[in-house]
Structures are given as structure tokens and as C-alpha cells.
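What's in data34.txt: compact mmCIF, N, CA and C atoms
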# COMPACT_ATOMS: atom_id res chain seq x y z
N MET L 224 -125.23 15.98 26.69
CA MET L 224 -124.05 15.38 27.29
C MET L 224 -123.53 14.28 26.37
N SER L 225 -122.24 14.26 26.14
CA SER L 225 -121.67 13.28 25.22
C SER L 225 -121.45 11.94 25.91
N GLU L 226 -121.43 10.90 25.09
CA GLU L 226 -121.18 9.54 25.57
C GLU L 226 -119.71 9.37 25.89
N PRO L 227 -119.35 8.56 26.92
CA PRO L 227 -117.93 8.30 27.18
C PRO L 227 -117.31 7.56 26.00
N ILE L 228 -116.03 7.82 25.77
CA ILE L 228 -115.31 7.15 24.70
C ILE L 228 -115.14 5.68 25.04
N GLN L 229 -115.38 4.81 24.07
CA GLN L 229 -115.19 3.38 24.22
C GLN L 229 -113.97 2.98 23.41
N TYR L 230 -112.90 2.58 24.08
CA TYR L 230 -111.66 2.22 23.40
C TYR L 230 -111.57 0.75 23.07
N GLY L 231 -112.04 -0.10 23.94
CA GLY L 231 -111.89 -1.54 23.77
C GLY L 231 -110.75 -2.07 24.61
N PRO L 232 -110.35 -3.33 24.36
CA PRO L 232 -109.34 -3.98 25.20
C PRO L 232 -107.99 -3.26 25.17
N ALA L 233 -107.38 -3.15 26.34
CA ALA L 233 -106.03 -2.60 26.44
C ALA L 233 -105.05 -3.70 26.07
N LEU L 234 -104.16 -3.40 25.14
CA LEU L 234 -103.18 -4.37 24.66
C LEU L 234 -101.80 -4.03 25.19
N LEU L 235 -100.88 -4.95 25.07
CA LEU L 235 -99.48 -4.70 25.37
C LEU L 235 -98.74 -4.44 24.07
N LEU L 236 -97.73 -3.60 24.12
CA LEU L 236 -96.91 -3.40 22.94
C LEU L 236 -96.20 -4.72 22.63
N PRO L 237 -96.11 -5.08 21.35
CA PRO L 237 -95.44 -6.33 21.00
C PRO L 237 -94.00 -6.36 21.51
N GLY L 238 -93.62 -7.46 22.16
CA GLY L 238 -92.30 -7.60 22.76
C GLY L 238 -91.16 -7.42 21.79
N GLN L 239 -91.36 -7.80 20.53
CA GLN L 239 -90.28 -7.66 19.56
C GLN L 239 -89.99 -6.20 19.24
N GLN L 240 -90.84 -5.28 19.69
CA GLN L 240 -90.61 -3.85 19.46
C GLN L 240 -89.91 -3.17 20.64
N ILE L 241 -89.65 -3.94 21.70
CA ILE L 241 -89.12 -3.34 22.92
C ILE L 241 -87.69 -3.82 23.16
N ARG L 242 -86.80 -2.89 23.38
CA ARG L 242 -85.40 -3.20 23.70
C ARG L 242 -85.01 -2.35 24.91
N ILE L 243 -84.27 -2.95 25.82
CA ILE L 243 -83.79 -2.22 27.00
C ILE L 243 -82.27 -2.16 26.99
N THR L 244 -81.75 -1.29 27.81
CA THR L 244 -80.33 -1.28 28.13
C THR L 244 -80.22 -1.36 29.64
N THR L 245 -79.13 -1.93 30.11
CA THR L 245 -78.92 -2.04 31.54
C THR L 245 -77.63 -1.32 31.91
N ASN L 246 -77.48 -1.11 33.21
CA ASN L 246 -76.22 -0.61 33.75
C ASN L 246 -76.06 -1.30 35.11
N PRO L 247 -74.95 -1.11 35.80
CA PRO L 247 -74.76 -1.82 37.07
C PRO L 247 -75.85 -1.55 38.11
N ASN L 248 -76.51 -0.40 38.02
CA ASN L 248 -77.57 -0.08 38.99
C ASN L 248 -78.89 -0.77 38.66
N THR L 249 -79.16 -1.01 37.37
CA THR L 249 -80.45 -1.57 36.96
C THR L 249 -80.41 -3.07 36.67
N GLU L 250 -79.23 -3.61 36.43
CA GLU L 250 -79.15 -5.00 36.02
C GLU L 250 -79.79 -5.99 37.01
N PRO L 251 -79.65 -5.81 38.35
CA PRO L 251 -80.32 -6.76 39.25
C PRO L 251 -81.84 -6.80 39.06
N PHE L 252 -82.44 -5.66 38.75
CA PHE L 252 -83.89 -5.62 38.48
C PHE L 252 -84.22 -6.48 37.27
N TRP L 253 -83.46 -6.30 36.18
CA TRP L 253 -83.73 -7.03 34.94
C TRP L 253 -83.40 -8.52 35.07
N GLU L 254 -82.36 -8.86 35.81
CA GLU L 254 -82.04 -10.28 36.02
C GLU L 254 -83.16 -10.96 36.81
N ALA L 255 -83.70 -10.28 37.82
CA ALA L 255 -84.83 -10.84 38.58
C ALA L 255 -86.04 -11.01 37.68
N ALA L 256 -86.29 -10.04 36.80
CA ALA L 256 -87.43 -10.12 35.88
C ALA L 256 -87.31 -11.35 34.97
N LYS L 257 -86.10 -11.69 34.57
CA LYS L 257 -85.92 -12.90 33.74
C LYS L 257 -86.44 -14.13 34.46
N GLU L 258 -86.39 -14.11 35.79
CA GLU L 258 -86.86 -15.23 36.61
C GLU L 258 -88.31 -15.02 37.06
N HIS L 259 -88.98 -14.02 36.47
CA HIS L 259 -90.36 -13.67 36.81
C HIS L 259 -90.50 -13.30 38.29
N LYS L 260 -89.52 -12.55 38.77
CA LYS L 260 -89.54 -12.03 40.13
C LYS L 260 -89.53 -10.51 40.05
N LEU L 261 -90.50 -9.88 40.70
CA LEU L 261 -90.54 -8.42 40.76
C LEU L 261 -89.77 -7.96 41.98
N THR L 262 -88.88 -7.00 41.79
CA THR L 262 -88.04 -6.51 42.87
C THR L 262 -87.93 -5.00 42.76
N ALA L 263 -87.36 -4.41 43.77
CA ALA L 263 -87.09 -2.96 43.76
C ALA L 263 -85.82 -2.72 44.56
N CYS L 264 -85.13 -1.67 44.20
CA CYS L 264 -83.88 -1.30 44.87
C CYS L 264 -84.21 -0.71 46.25
N GLN L 265 -83.60 -1.29 47.29
CA GLN L 265 -83.81 -0.82 48.66
C GLN L 265 -82.46 -0.53 49.29
N CYS L 266 -82.34 0.60 49.94
CA CYS L 266 -81.11 0.95 50.64
C CYS L 266 -80.90 -0.03 51.80
N ALA L 267 -79.72 -0.63 51.85
CA ALA L 267 -79.41 -1.57 52.92
C ALA L 267 -79.12 -0.85 54.23
N ALA L 268 -78.83 0.45 54.17
CA ALA L 268 -78.52 1.19 55.39
C ALA L 268 -79.78 1.75 56.06
N CYS L 269 -80.67 2.39 55.28
CA CYS L 269 -81.83 3.05 55.90
C CYS L 269 -83.17 2.44 55.51
N GLY L 270 -83.17 1.53 54.53
CA GLY L 270 -84.41 0.86 54.14
C GLY L 270 -85.25 1.58 53.09
N HIS L 271 -84.81 2.75 52.63
CA HIS L 271 -85.56 3.52 51.64
C HIS L 271 -85.57 2.81 50.29
N PHE L 272 -86.76 2.68 49.68
CA PHE L 272 -86.87 2.11 48.34
C PHE L 272 -86.69 3.21 47.31
N ARG L 273 -86.08 2.84 46.19
CA ARG L 273 -85.94 3.82 45.12
C ARG L 273 -86.03 3.13 43.76
N MET L 274 -86.87 3.70 42.93
CA MET L 274 -87.01 3.26 41.54
C MET L 274 -87.12 4.52 40.71
N PRO L 275 -86.36 4.67 39.66
CA PRO L 275 -85.40 3.69 39.18
C PRO L 275 -84.21 3.57 40.12
N PRO L 276 -83.52 2.44 40.06
CA PRO L 276 -82.35 2.24 40.90
C PRO L 276 -81.27 3.27 40.59
N SER L 277 -80.55 3.66 41.61
CA SER L 277 -79.46 4.63 41.45
C SER L 277 -78.27 4.19 42.30
N ALA L 278 -77.13 4.78 42.03
CA ALA L 278 -75.89 4.39 42.73
C ALA L 278 -75.92 4.77 44.20
N TYR L 279 -76.60 5.87 44.54
CA TYR L 279 -76.62 6.37 45.92
C TYR L 279 -78.05 6.51 46.41
N CYS L 280 -78.27 6.21 47.66
CA CYS L 280 -79.57 6.41 48.28
C CYS L 280 -79.84 7.91 48.39
N PRO L 281 -80.99 8.39 47.92
CA PRO L 281 -81.28 9.82 48.03
C PRO L 281 -81.57 10.26 49.46
N GLU L 282 -81.78 9.31 50.37
CA GLU L 282 -82.07 9.65 51.76
C GLU L 282 -80.81 9.73 52.61
N CYS L 283 -79.87 8.77 52.43
CA CYS L 283 -78.71 8.72 53.32
C CYS L 283 -77.37 8.63 52.58
N SER L 284 -77.39 8.58 51.26
CA SER L 284 -76.20 8.53 50.40
C SER L 284 -75.44 7.21 50.44
N SER L 285 -76.00 6.19 51.07
CA SER L 285 -75.35 4.88 51.08
C SER L 285 -75.35 4.28 49.68
N GLN L 286 -74.32 3.47 49.41
CA GLN L 286 -74.25 2.74 48.14
C GLN L 286 -74.64 1.27 48.30
N GLU L 287 -74.95 0.86 49.54
CA GLU L 287 -75.31 -0.54 49.80
C GLU L 287 -76.79 -0.76 49.48
N VAL L 288 -77.08 -1.84 48.72
CA VAL L 288 -78.46 -2.08 48.32
C VAL L 288 -78.89 -3.52 48.59
N ASN L 289 -80.18 -3.69 48.76
CA ASN L 289 -80.84 -4.98 48.81
C ASN L 289 -81.83 -5.01 47.65
N TRP L 290 -82.17 -6.19 47.19
CA TRP L 290 -83.16 -6.38 46.13
C TRP L 290 -84.20 -7.39 46.61
N PRO L 291 -85.10 -6.97 47.50
CA PRO L 291 -86.11 -7.92 48.00
C PRO L 291 -87.12 -8.28 46.91
N THR L 292 -87.57 -9.53 46.94
CA THR L 292 -88.63 -9.96 46.03
C THR L 292 -89.95 -9.41 46.55
N LEU L 293 -90.70 -8.76 45.67
CA LEU L 293 -91.98 -8.14 46.03
C LEU L 293 -93.12 -9.08 45.69
N PRO L 294 -94.32 -8.81 46.24
CA PRO L 294 -95.44 -9.73 46.00
C PRO L 294 -95.97 -9.74 44.57
N GLY L 295 -95.60 -8.76 43.75
CA GLY L 295 -96.07 -8.76 42.37
C GLY L 295 -97.41 -8.08 42.17
N THR L 296 -97.82 -7.30 43.16
CA THR L 296 -99.06 -6.55 43.06
C THR L 296 -98.76 -5.06 43.18
N ALA L 297 -99.68 -4.25 42.70
CA ALA L 297 -99.46 -2.81 42.70
C ALA L 297 -100.80 -2.09 42.57
N THR L 298 -100.73 -0.76 42.64
CA THR L 298 -101.89 0.09 42.50
C THR L 298 -101.58 1.16 41.46
N VAL L 299 -102.51 1.37 40.53
CA VAL L 299 -102.31 2.39 39.50
C VAL L 299 -102.27 3.77 40.15
N PHE L 300 -101.17 4.48 39.93
CA PHE L 300 -100.97 5.84 40.43
C PHE L 300 -101.36 6.85 39.35
N SER L 301 -101.01 6.54 38.10
CA SER L 301 -101.28 7.43 36.97
C SER L 301 -101.35 6.58 35.70
N TYR L 302 -102.04 7.09 34.68
CA TYR L 302 -102.14 6.35 33.42
C TYR L 302 -102.52 7.30 32.28
N VAL L 303 -102.37 6.80 31.07
CA VAL L 303 -102.82 7.50 29.87
C VAL L 303 -103.27 6.44 28.87
N VAL L 304 -104.31 6.73 28.10
CA VAL L 304 -104.75 5.82 27.05
C VAL L 304 -104.14 6.30 25.74
N CYS L 305 -103.38 5.42 25.10
CA CYS L 305 -102.76 5.72 23.80
C CYS L 305 -103.47 4.93 22.72
N ASN L 306 -103.57 5.51 21.53
CA ASN L 306 -104.29 4.82 20.47
C ASN L 306 -103.49 4.62 19.19
N LYS L 307 -102.18 4.83 19.26
CA LYS L 307 -101.31 4.60 18.11
C LYS L 307 -100.08 3.83 18.55
N ASN L 308 -99.67 2.85 17.76
CA ASN L 308 -98.44 2.13 18.02
C ASN L 308 -97.27 3.08 17.73
N PRO L 309 -96.40 3.35 18.71
CA PRO L 309 -95.31 4.30 18.48
C PRO L 309 -94.29 3.83 17.43
N ALA L 310 -94.25 2.53 17.17
CA ALA L 310 -93.27 2.01 16.21
C ALA L 310 -93.69 2.24 14.76
N ASN L 311 -95.02 2.21 14.51
CA ASN L 311 -95.45 2.30 13.12
C ASN L 311 -96.67 3.20 12.89
N GLY L 312 -97.23 3.78 13.93
CA GLY L 312 -98.35 4.69 13.79
C GLY L 312 -99.70 4.04 13.54
N GLU L 313 -99.76 2.70 13.54
CA GLU L 313 -101.03 2.01 13.32
C GLU L 313 -101.93 2.16 14.54
N ASP L 314 -103.24 2.06 14.32
CA ASP L 314 -104.20 2.08 15.42
C ASP L 314 -103.90 0.91 16.35
N TYR L 315 -103.77 1.21 17.64
CA TYR L 315 -103.39 0.19 18.60
C TYR L 315 -103.64 0.79 19.98
N ILE L 316 -104.53 0.22 20.76
CA ILE L 316 -104.88 0.75 22.07
C ILE L 316 -103.99 0.12 23.13
N TYR L 317 -103.24 0.95 23.84
CA TYR L 317 -102.46 0.47 24.98
C TYR L 317 -102.48 1.53 26.06
N VAL L 318 -102.22 1.11 27.30
CA VAL L 318 -102.35 1.99 28.46
C VAL L 318 -101.08 1.96 29.29
N PRO L 319 -100.17 2.91 29.07
CA PRO L 319 -99.02 3.04 29.96
C PRO L 319 -99.49 3.50 31.35
N VAL L 320 -98.91 2.92 32.38
CA VAL L 320 -99.26 3.25 33.75
C VAL L 320 -98.01 3.52 34.58
N VAL L 321 -98.19 4.25 35.64
CA VAL L 321 -97.21 4.34 36.72
C VAL L 321 -97.91 3.67 37.90
N VAL L 322 -97.25 2.66 38.48
CA VAL L 322 -97.86 1.94 39.60
C VAL L 322 -97.03 2.11 40.86
N ASP L 323 -97.74 2.13 41.98
CA ASP L 323 -97.12 2.05 43.31
C ASP L 323 -96.95 0.56 43.61
N LEU L 324 -95.72 0.14 43.85
CA LEU L 324 -95.42 -1.27 44.08
C LEU L 324 -95.73 -1.68 45.51
N ASP L 325 -96.57 -2.70 45.68
CA ASP L 325 -96.84 -3.23 47.01
C ASP L 325 -95.55 -3.85 47.56
N GLY L 326 -95.29 -3.61 48.83
CA GLY L 326 -94.11 -4.16 49.48
C GLY L 326 -92.87 -3.29 49.34
N ALA L 327 -93.01 -2.14 48.63
CA ALA L 327 -91.87 -1.23 48.43
C ALA L 327 -92.37 0.21 48.55
N PRO L 328 -92.67 0.66 49.77
CA PRO L 328 -93.25 1.99 49.95
C PRO L 328 -92.44 3.09 49.25
N GLY L 329 -93.14 3.87 48.44
CA GLY L 329 -92.50 4.97 47.74
C GLY L 329 -91.92 4.61 46.38
N ALA L 330 -91.85 3.32 46.06
CA ALA L 330 -91.28 2.90 44.77
C ALA L 330 -92.39 2.81 43.74
N ARG L 331 -92.14 3.44 42.60
CA ARG L 331 -93.09 3.41 41.49
C ARG L 331 -92.39 2.84 40.26
N LEU L 332 -93.20 2.24 39.39
CA LEU L 332 -92.67 1.61 38.19
C LEU L 332 -93.55 1.99 37.00
N ASN L 333 -92.92 2.30 35.88
CA ASN L 333 -93.63 2.52 34.62
C ASN L 333 -93.83 1.18 33.95
N ALA L 334 -95.03 0.94 33.42
CA ALA L 334 -95.33 -0.33 32.75
C ALA L 334 -96.53 -0.10 31.85
N ASN L 335 -97.14 -1.17 31.39
CA ASN L 335 -98.40 -1.14 30.66
C ASN L 335 -99.39 -2.03 31.38
N VAL L 336 -100.68 -1.77 31.18
CA VAL L 336 -101.72 -2.58 31.81
C VAL L 336 -102.56 -3.23 30.72
N THR L 337 -103.04 -4.44 31.02
CA THR L 337 -103.88 -5.19 30.10
C THR L 337 -104.91 -5.96 30.94
N GLY L 338 -105.73 -6.76 30.28
CA GLY L 338 -106.70 -7.57 31.02
C GLY L 338 -107.99 -6.86 31.32
N CYS L 339 -108.22 -5.71 30.67
CA CYS L 339 -109.45 -4.97 30.85
C CYS L 339 -109.59 -4.02 29.67
N ASN L 340 -110.74 -3.41 29.54
CA ASN L 340 -110.90 -2.38 28.53
C ASN L 340 -110.16 -1.14 28.97
N ALA L 341 -109.58 -0.43 28.00
CA ALA L 341 -108.80 0.77 28.32
C ALA L 341 -109.61 1.78 29.11
N GLU L 342 -110.89 1.93 28.79
CA GLU L 342 -111.71 2.92 29.50
C GLU L 342 -112.00 2.54 30.94
N ASP L 343 -111.71 1.28 31.32
CA ASP L 343 -111.94 0.84 32.70
C ASP L 343 -110.73 1.06 33.62
N VAL L 344 -109.59 1.42 33.05
CA VAL L 344 -108.41 1.70 33.88
C VAL L 344 -108.68 2.98 34.67
N HIS L 345 -108.29 2.96 35.94
CA HIS L 345 -108.50 4.15 36.78
C HIS L 345 -107.45 4.22 37.87
N ILE L 346 -107.23 5.42 38.36
CA ILE L 346 -106.31 5.62 39.48
C ILE L 346 -106.86 4.86 40.68
N GLY L 347 -105.98 4.12 41.35
CA GLY L 347 -106.38 3.31 42.49
C GLY L 347 -106.70 1.87 42.14
N MET L 348 -106.71 1.54 40.83
CA MET L 348 -107.02 0.17 40.40
C MET L 348 -105.91 -0.79 40.85
N LYS L 349 -106.30 -1.92 41.39
CA LYS L 349 -105.35 -2.95 41.80
C LYS L 349 -104.94 -3.79 40.59
N VAL L 350 -103.64 -4.04 40.48
CA VAL L 350 -103.10 -4.80 39.36
C VAL L 350 -102.10 -5.84 39.86
N VAL L 351 -101.86 -6.83 39.02
CA VAL L 351 -100.91 -7.89 39.34
C VAL L 351 -99.93 -8.02 38.17
N VAL L 352 -98.68 -8.32 38.46
CA VAL L 352 -97.65 -8.38 37.42
C VAL L 352 -97.89 -9.55 36.49
N GLU L 353 -97.57 -9.33 35.21
CA GLU L 353 -97.47 -10.40 34.23
C GLU L 353 -96.22 -10.11 33.41
N TRP L 354 -95.67 -11.12 32.83
CA TRP L 354 -94.35 -11.01 32.22
C TRP L 354 -94.42 -11.09 30.70
N THR L 355 -93.69 -10.20 30.04
CA THR L 355 -93.67 -10.12 28.57
C THR L 355 -92.24 -10.31 28.09
N GLU L 356 -92.02 -11.32 27.26
CA GLU L 356 -90.69 -11.49 26.67
C GLU L 356 -90.45 -10.38 25.66
N ILE L 357 -89.24 -9.80 25.72
CA ILE L 357 -88.86 -8.73 24.81
C ILE L 357 -87.55 -9.11 24.14
N GLN L 358 -86.97 -8.18 23.40
CA GLN L 358 -85.76 -8.47 22.64
C GLN L 358 -84.58 -8.86 23.54
N ASP L 359 -83.65 -9.58 22.94
CA ASP L 359 -82.37 -9.93 23.55
C ASP L 359 -82.50 -10.81 24.79
N GLY L 360 -83.61 -11.56 24.91
CA GLY L 360 -83.78 -12.49 26.01
C GLY L 360 -84.24 -11.88 27.32
N TRP L 361 -84.56 -10.59 27.34
CA TRP L 361 -85.02 -9.93 28.56
C TRP L 361 -86.52 -10.13 28.73
N VAL L 362 -87.00 -9.86 29.93
CA VAL L 362 -88.42 -9.99 30.25
C VAL L 362 -88.87 -8.70 30.91
N LEU L 363 -90.02 -8.20 30.46
CA LEU L 363 -90.55 -6.91 30.92
C LEU L 363 -91.74 -7.13 31.84
N PRO L 364 -91.75 -6.51 33.03
CA PRO L 364 -92.94 -6.58 33.86
C PRO L 364 -94.02 -5.64 33.34
N ASN L 365 -95.19 -6.19 33.11
CA ASN L 365 -96.38 -5.42 32.81
C ASN L 365 -97.42 -5.80 33.84
N PHE L 366 -98.58 -5.22 33.77
CA PHE L 366 -99.60 -5.49 34.79
C PHE L 366 -100.94 -5.79 34.17
N ARG L 367 -101.70 -6.61 34.86
CA ARG L 367 -103.04 -7.02 34.48
C ARG L 367 -103.97 -6.64 35.62
N LYS L 368 -105.20 -6.25 35.27
CA LYS L 368 -106.20 -5.94 36.30
C LYS L 368 -106.32 -7.13 37.25
N ALA L 369 -106.27 -6.84 38.55
CA ALA L 369 -106.35 -7.91 39.57
C ALA L 369 -107.77 -8.45 39.67

Transcribe the structure of this file into C-alpha cells.
Amino acid sequence: MSEPIQYGPALLLPGQQIRITTNPNTEPFWEAAKEHKLTACQCAACGHFRMPPSAYCPECSSQEVNWPTLPGTATVFSYVVCNKNPANGEDYIYVPVVVDLDGAPGARLNANVTGCNAEDVHIGMKVVVEWTEIQDGWVLPNFRKA
């Protein structure tokens, strides 16, 4: 039987390598992130959460939205361990995750996780948001093991 792979600490991609674009549907999320507030798009008519934000609610077609502040905690839904920096191909261990956001049933967010060894990340792991400054003055929500 082979030994489990040991990757080492999960890192975040350097912020200077990350650039985002916004549109009218996503800008409230990014503006809240600048203030270190985690939020999700919620239909003001039926209460359905949706991420990524969209112009129309997929449940009732309403265009009215709320942006409630969430507790900043989540649960890992899915993940992958990557071992190369996509910008330059250098060895670099990072763990992209999809998390279920606490306080926003059904809303999931793509991010990265840190604060533990990559081999310790698992589905169901509790995480807490941490903020990473990126290009153009924006701030990216990432997660750390709770």
C-alpha cells in the first residue's frame, strides 16, 4: 500500500496575479468585499440566494435583490489540490475550493483555502473568510481552516 501524498501548506495565489471584472450584477458583492464584508445575492421577492449574482432570480424571475451581510463562515463542498502556479508554471501548492456559504442556503462561492496543509483539506471542512488584496484596489474573499 502506498503512502498518502504529502503536499505541505496550502498557499494563496499572489494578489498581484489576480484581476477581476465587474458588472452591475456583481459589483455589490465586490464593493462589500472591499469593506471585508461577505455577502450574497438574495431575491427580494422570494428570498432565494444565488451566486454568482444574475439579473433575474432563477426561481421567480424578479429583478429585485438584497445583499445581506453573511457571517463569513462556510463549509467546503468541493476542492482540488493544484501544484503549479498558473501564471508562471512554478511549483506552488494551492487549493481552490467551492464552499457552501453559511447564512445563504444554496449559495456557493469559488475561492482558495489556506491555514492548513493541502492534504488536510476535505469535503465538509469548516472554513472562515479571510481577505486578500488584489489588483486595482479590489479585495478577494478566500478561506482559512476554522

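Here atom N of L:Thr245 is placed at a distance of 21.3 Å from atom CA of L:Phe366.
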
Residue nearest L:Tyr302 - candidates L:Lys257, L:His345, L:Arg273, L:Arg331, atoms counted: all atoms listed in the file =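 So, comparing all the options, the nearest one is L:His345.
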
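Counting only C-alpha atoms, the residue from L:Ile316, L:Ala330, L:Val362, L:Cys305 that sits nearest to L:Glu254 is L:Val362.
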
Neighbours of L:Ile243 within 8 Å (all atoms listed in the file; same-chain residues fewer than 5 positions away dropped), as a VMD selection string?
-> chain L and resid 357 to 359 361

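Candidate residues L:His271, L:Lys260, L:Lys368, L:Lys307 were compared for distance to L:Ile346, and the nearest is L:Lys368, using only C-alpha atoms.
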
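Residue-level DSSP output for stretch 231-367 of chain L, from the backbone, shows alpha helix (DSSP H) at Glu250, Pro251, Phe252, Trp253, Glu254, Ala255, Ala256 and Lys257 of chain L.
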
For L:Ala278, which of L:Leu363, L:Cys264, L:Val299, L:Ala233 is the closest residue, counting only C-alpha atoms?
->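 Ranked by minimum distance to L:Ala278, first place goes to L:Cys264.
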
Selection near L:Val322, 6.5 Å with only N, CA and C atoms, sequence-local residues under 5 positions removed, as a count of residues only = 10

Between L:Gln229, L:Thr244, L:Thr249, L:Thr262, which one has atoms that come closest to L:Pro294, using all atoms listed in the file?
->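 The closest residue to L:Pro294 is L:Thr262.
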
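Between atom N of L:Pro309 and atom N of L:Val336 the interatomic distance comes to 14.1 Å.
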
Taking into account all atoms listed in the file, which residue in the set L:Ala263, L:Val321, L:Leu236, L:Val288 is nearest to L:Asn308?
-> L:Leu236

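Counting from atom CA of L:Leu261, the distance to atom CA of L:Ala369 is 15.9 Å.
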
Pick out the residues sitting within 5 Å of L:Asn365, and hand them over as a list in words; count all atoms listed in the file, and ignore anything fewer than 6 positions along from it in its own chain.
->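 Listing them by chain and then by number gives Asn335, Val352, Glu353 and Trp354 of chain L.
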
Since the input is missing atoms for stretch 230-246 of chain L, could you rebuild it with N, CA, C and O atoms and give the result as a PDB file, in the coordinates of the input?
ATOM      1  N   TYR L 230    -112.900   2.580  24.080  1.00  0.00           N
ATOM      2  CA  TYR L 230    -111.660   2.220  23.400  1.00  0.00           C
ATOM      3  C   TYR L 230    -111.570   0.750  23.070  1.00  0.00           C
ATOM      4  O   TYR L 230    -110.984   0.358  22.077  1.00  0.00           O
ATOM      5  N   GLY L 231    -112.040  -0.100  23.940  1.00  0.00           N
ATOM      6  CA  GLY L 231    -111.890  -1.540  23.770  1.00  0.00           C
ATOM      7  C   GLY L 231    -110.750  -2.070  24.610  1.00  0.00           C
ATOM      8  O   GLY L 231    -110.222  -1.380  25.488  1.00  0.00           O
ATOM      9  N   PRO L 232    -110.350  -3.330  24.360  1.00  0.00           N
ATOM     10  CA  PRO L 232    -109.340  -3.980  25.200  1.00  0.00           C
ATOM     11  C   PRO L 232    -107.990  -3.260  25.170  1.00  0.00           C
ATOM     12  O   PRO L 232    -107.525  -2.832  24.108  1.00  0.00           O
ATOM     13  N   ALA L 233    -107.380  -3.150  26.340  1.00  0.00           N
ATOM     14  CA  ALA L 233    -106.030  -2.600  26.440  1.00  0.00           C
ATOM     15  C   ALA L 233    -105.050  -3.700  26.070  1.00  0.00           C
ATOM     16  O   ALA L 233    -105.100  -4.795  26.620  1.00  0.00           O
ATOM     17  N   LEU L 234    -104.160  -3.400  25.140  1.00  0.00           N
ATOM     18  CA  LEU L 234    -103.180  -4.370  24.660  1.00  0.00           C
ATOM     19  C   LEU L 234    -101.800  -4.030  25.190  1.00  0.00           C
ATOM     20  O   LEU L 234    -101.570  -2.934  25.683  1.00  0.00           O
ATOM     21  N   LEU L 235    -100.880  -4.950  25.070  1.00  0.00           N
ATOM     22  CA  LEU L 235     -99.480  -4.700  25.370  1.00  0.00           C
ATOM     23  C   LEU L 235     -98.740  -4.440  24.070  1.00  0.00           C
ATOM     24  O   LEU L 235     -99.083  -5.009  23.035  1.00  0.00           O
ATOM     25  N   LEU L 236     -97.730  -3.600  24.120  1.00  0.00           N
ATOM     26  CA  LEU L 236     -96.910  -3.400  22.940  1.00  0.00           C
ATOM     27  C   LEU L 236     -96.200  -4.720  22.630  1.00  0.00           C
ATOM     28  O   LEU L 236     -95.758  -5.417  23.529  1.00  0.00           O
ATOM     29  N   PRO L 237     -96.110  -5.080  21.350  1.00  0.00           N
ATOM     30  CA  PRO L 237     -95.440  -6.330  21.000  1.00  0.00           C
ATOM     31  C   PRO L 237     -94.000  -6.360  21.510  1.00  0.00           C
ATOM     32  O   PRO L 237     -93.246  -5.405  21.338  1.00  0.00           O
ATOM     33  N   GLY L 238     -93.620  -7.460  22.160  1.00  0.00           N
ATOM     34  CA  GLY L 238     -92.300  -7.600  22.760  1.00  0.00           C
ATOM     35  C   GLY L 238     -91.160  -7.420  21.790  1.00  0.00           C
ATOM     36  O   GLY L 238     -90.091  -6.921  22.152  1.00  0.00           O
ATOM     37  N   GLN L 239     -91.360  -7.800  20.530  1.00  0.00           N
ATOM     38  CA  GLN L 239     -90.280  -7.660  19.560  1.00  0.00           C
ATOM     39  C   GLN L 239     -89.990  -6.200  19.240  1.00  0.00           C
ATOM     40  O   GLN L 239     -88.982  -5.890  18.614  1.00  0.00           O
ATOM     41  N   GLN L 240     -90.840  -5.280  19.690  1.00  0.00           N
ATOM     42  CA  GLN L 240     -90.610  -3.850  19.460  1.00  0.00           C
ATOM     43  C   GLN L 240     -89.910  -3.170  20.640  1.00  0.00           C
ATOM     44  O   GLN L 240     -89.631  -1.989  20.598  1.00  0.00           O
ATOM     45  N   ILE L 241     -89.650  -3.940  21.700  1.00  0.00           N
ATOM     46  CA  ILE L 241     -89.120  -3.340  22.920  1.00  0.00           C
ATOM     47  C   ILE L 241     -87.690  -3.820  23.160  1.00  0.00           C
ATOM     48  O   ILE L 241     -87.418  -5.025  23.174  1.00  0.00           O
ATOM     49  N   ARG L 242     -86.800  -2.890  23.380  1.00  0.00           N
ATOM     50  CA  ARG L 242     -85.400  -3.200  23.700  1.00  0.00           C
ATOM     51  C   ARG L 242     -85.010  -2.350  24.910  1.00  0.00           C
ATOM     52  O   ARG L 242     -85.368  -1.188  25.003  1.00  0.00           O
ATOM     53  N   ILE L 243     -84.270  -2.950  25.820  1.00  0.00           N
ATOM     54  CA  ILE L 243     -83.790  -2.220  27.000  1.00  0.00           C
ATOM     55  C   ILE L 243     -82.270  -2.160  26.990  1.00  0.00           C
ATOM     56  O   ILE L 243     -81.613  -2.889  26.255  1.00  0.00           O
ATOM     57  N   THR L 244     -81.750  -1.290  27.810  1.00  0.00           N
ATOM     58  CA  THR L 244     -80.330  -1.280  28.130  1.00  0.00           C
ATOM     59  C   THR L 244     -80.220  -1.360  29.640  1.00  0.00           C
ATOM     60  O   THR L 244     -81.120  -0.939  30.360  1.00  0.00           O
ATOM     61  N   THR L 245     -79.130  -1.930  30.110  1.00  0.00           N
ATOM     62  CA  THR L 245     -78.920  -2.040  31.540  1.00  0.00           C
ATOM     63  C   THR L 245     -77.630  -1.320  31.910  1.00  0.00           C
ATOM     64  O   THR L 245     -76.815  -0.982  31.065  1.00  0.00           O
ATOM     65  N   ASN L 246     -77.480  -1.110  33.210  1.00  0.00           N
ATOM     66  CA  ASN L 246     -76.220  -0.610  33.750  1.00  0.00           C
ATOM     67  C   ASN L 246     -76.060  -1.300  35.110  1.00  0.00           C
ATOM     68  O   ASN L 246     -76.955  -2.032  35.537  1.00  0.00           O
TER      69      ASN L 246
END
